[in-house]
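What follows is a single structure, written as structure tokens, with notes after it.
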Amino acid sequence: MPDNNTHDSADNRTATDGGVAGQAGQAHRNTDYLGSEVNLLNPSTPFMRDHLRIVWTGFAIWVLAVWGPVTATYLATDAMTTQMPVLGFPLHYFLVAFGAPTSALILSFWYSRKRDALDEKYGIDHATAGGTSRGGEAAGADGGERSDGSRASSEQRSDGGVDE
């Protein structure tokens with residue numbers, strides 16, 4: 001069993017399924033994240049800075065979309081409680097019931113597009129390292145069957161032992 005309590009940089013790095021970074025995306029390997037202070041207002045890498053700019057912008061838009069109609073109803077009660085001629089609902093009800101969920105959908109689409117552009121800018125590719133998609137060969141790490149019908153390499157015997 002490997003010793004997980006040491007942080008030796010000479011250890012072999014484990015392959016992940018989180019994507020493959022290009023040269024521009026490799027700068028994070030030189031950053032000592034354990035020794036650095038994490039500050040959401042002053043991020044340590046350009047990728048984090050750009051990503052947080054997207055997150056904070058989306059948060060500001062969300063606050064306006066959700067709390068804007070509520071605040072406007074409090075400040076301008078007469079204007080916000082008038083009946084809309086087309087639907088017959090009060091304006092504040094329409095903005096909260098239709099505007100907030102619609103803006104959340106638009107905001108999620110906007111975020112995904114901005115995040116894809118950011119990944120492209122920093123050379124991050126989310127394709128798996130092996131090049132196979134979900135339909136490829138299963139690892140069978142839980143002892144179950146793989147997609148080709150074979151069993152996982154270490155199977156538990158009926159007496160509690162493990163066959164290797």
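All residue names refer to the structure tokens as shown: chains lettered A, B, ... in order, residues numbered from 1 in each chain, ligands numbered from 1 in order.
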
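Shell of Arg49 of chain A at 12 Å, with only C-alpha atoms counted and residues fewer than 6 places along the chain excluded, is Val38, Asn39, Leu40, Leu41, Asn42, Pro43, Val55, Trp56 and Leu118 of chain A.
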
Q) atom CA of Arg115 of chain A and atom CA of Leu64 of chain A are how many Å apart? A)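 Calculated distance between atom CA of Arg115 of chain A and atom CA of Leu64 of chain A is 21.2 Å.
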
Q: Show which residues sit within 12 Å of Lys114 of chain A, as a PyMOL selection string. Count only C-alpha atoms, and ignore same-chain residues fewer than 2 positions away.
A: chain A and resi 50-55+57-58+107-112+116-121
